Amino acid sequence: MRIFKDIKPLRKFISDQKHKDHRIGLVPTMGALHEGHLALVRSCVDQNDITVCTIYVNPAQFDRKSDLTNYPRPLQADLRALKKTGCQVVFTPDDQVMYPASPLMHCSFGPLENTMEGVHRPGHFRGVALIVAKLLNIVQPHHAYFGQKDWQQVVIIRQLVKDLCFPLQIIDIPIVREKDGLAMSSRNSLLSKQRRKLAPQLYRALQLAREHLKNSHSVHEAREAGIRHLDQFANIRLEYLEIVDLQTLQAPSKPVGNKPLSICLAANLGKIRLIDNVKVF
Ligand code: AMP
């Protein structure tokens, strides 16, 4: 497995691979890899000749300084896990490489970011779009892999790729969960034992809302059911629970019928902020 810290040698390596007609897949991550990330990497390894996994904790997408400082960075364990998947290339740039000067350009996504994470984490998607655009431009892959765990991010990245005409295919991969239903996240390791026990209630609330939606077809009732469930737990502070159109991320038009929807939430357990979502077809 080749490890690159700089852009130029990575570009040279990739260009050589493209001359051999090799298909390139990209998996952008912030490290502290778990089975959710590895599912993306394994799909990439299956579908491409060369898998490039990037590990970079992108300061531009953090709205809370403490979250950035406390973000886990177990690089050696990550490299061992990646090696086992058959990943051929890891790109681990530092801030100087990714942001040699403060960037002036920024993207905004109108209605796609005027909701949920975009509202609760101001500037988050501006930071995500910038780093993803940089990585897509550096690696120029045939395929790039993202997790459905960050559904709003998937929708926004698809828009970015469409608007900027990046010649590649975005592939989104289903959420990988712990046995008790908690969506895997690098932040789970930061939960206290007591809060870790409580955390699967987030998924339970999403399931309850989904059941209500299927039975009553009322978005309002379903949303209330999910919120009520989490209200019981003093140690869970819900930021939002929204039911939105899967693609536009807007409130669904009535009647909802069989339109694909997404139920998304964000909640704080102590200082740790977690997000999750389920699809409804
Ligand atoms: P992150 O390191 O949190 O930026 O995540 C890197 C990529 O892994 C993103 O595309 C995430 O959506 C994806 N990811 C994170 N957790 C999961 C999970 N539990 N299941 C599937 N994909 C995930």
# chains A, B, ... in the order shown; residues from 1 in each chain; ligands from 1
>>> residues_near_ligand(ligand="ligand 1", cutoff="8 Å", atoms="only C-alpha atoms and all ligand atoms", output="ChimeraX atom specification")
/A:27-37,39-40,55,57,145-151,153-154,172-177,183-186
>>> residues_around(residues="Ser262 of chain A", least_positions_apart="4", cutoff="8 Å", atoms="only C-alpha atoms", output="count of residues only")
9
>>> residues_around(residues="segment 127-141 of chain A", least_positions_apart="5", cutoff="7 Å", atoms="only C-alpha atoms", output="NGL selection string")
:A and (7 or 11 or 24-26 or 60-61 or 106-107 or 157 or 168)
>>> select_by_dssp(residues="segment 3-246 of chain A", states="helix (DSSP H, G or I)", output="ChimeraX atom specification")
/A:7-19,35-47,59-61,65-70,75-85,95-98,110-112,117-120,124-139,148-163,186-190,193-198,201-216,219-231
>>> residues_around(residues="segment 219-229 of chain A", least_positions_apart="4", cutoff="10 Å", atoms="only C-alpha atoms", output="NGL selection string")
:A and (201-215 or 233 or 238 or 240-244 or 251-252 or 254-256 or 263 or 265)
>>> select_by_dssp(residues="segment 65-238 of chain A", states="strand (DSSP E or B)", output="ChimeraX atom specification")
/A:89-91,143-147,169-173,177,183,237-238
>>> atom_distance(atom1="atom CA of Gln250 of chain A", atom2="atom CA of Lys162 of chain A")
19.3 Å
>>> closest_residue(among="A:Ile170, A:Leu10, A:Met116, A:Leu261", to="Glu239 of chain A", atoms="only C-alpha atoms")
A:Met116
>>> closest_residue(among="A:Thr92, A:Ser218, A:Ser43, A:Gln152", to="Phe4 of chain A", atoms="only C-alpha atoms")
A:Thr92
>>> atom_distance(atom1="atom CA of Pro72 of chain A", atom2="atom CA of Pro100 of chain A")
23.6 Å
>>> atom_distance(atom1="atom CA of Leu38 of chain A", atom2="atom CA of Thr85 of chain A")
7.5 Å
>>> closest_residue(among="A:Asp180, A:Arg196, A:Gln247, A:Pro93", to="Ile156 of chain A", atoms="only C-alpha atoms")
A:Gln247
>>> residues_around(residues="Ala234 of chain A", least_positions_apart="4", cutoff="12 Å", atoms="only C-alpha atoms", output="PyMOL selection string")
chain A and resi 195+198+228-230+238+267-270
>>> residues_around(residues="Arg121 of chain A", least_positions_apart="5", cutoff="10 Å", atoms="only C-alpha atoms", output="VMD selection string")
chain A and resid 61 to 64 113 115 to 116
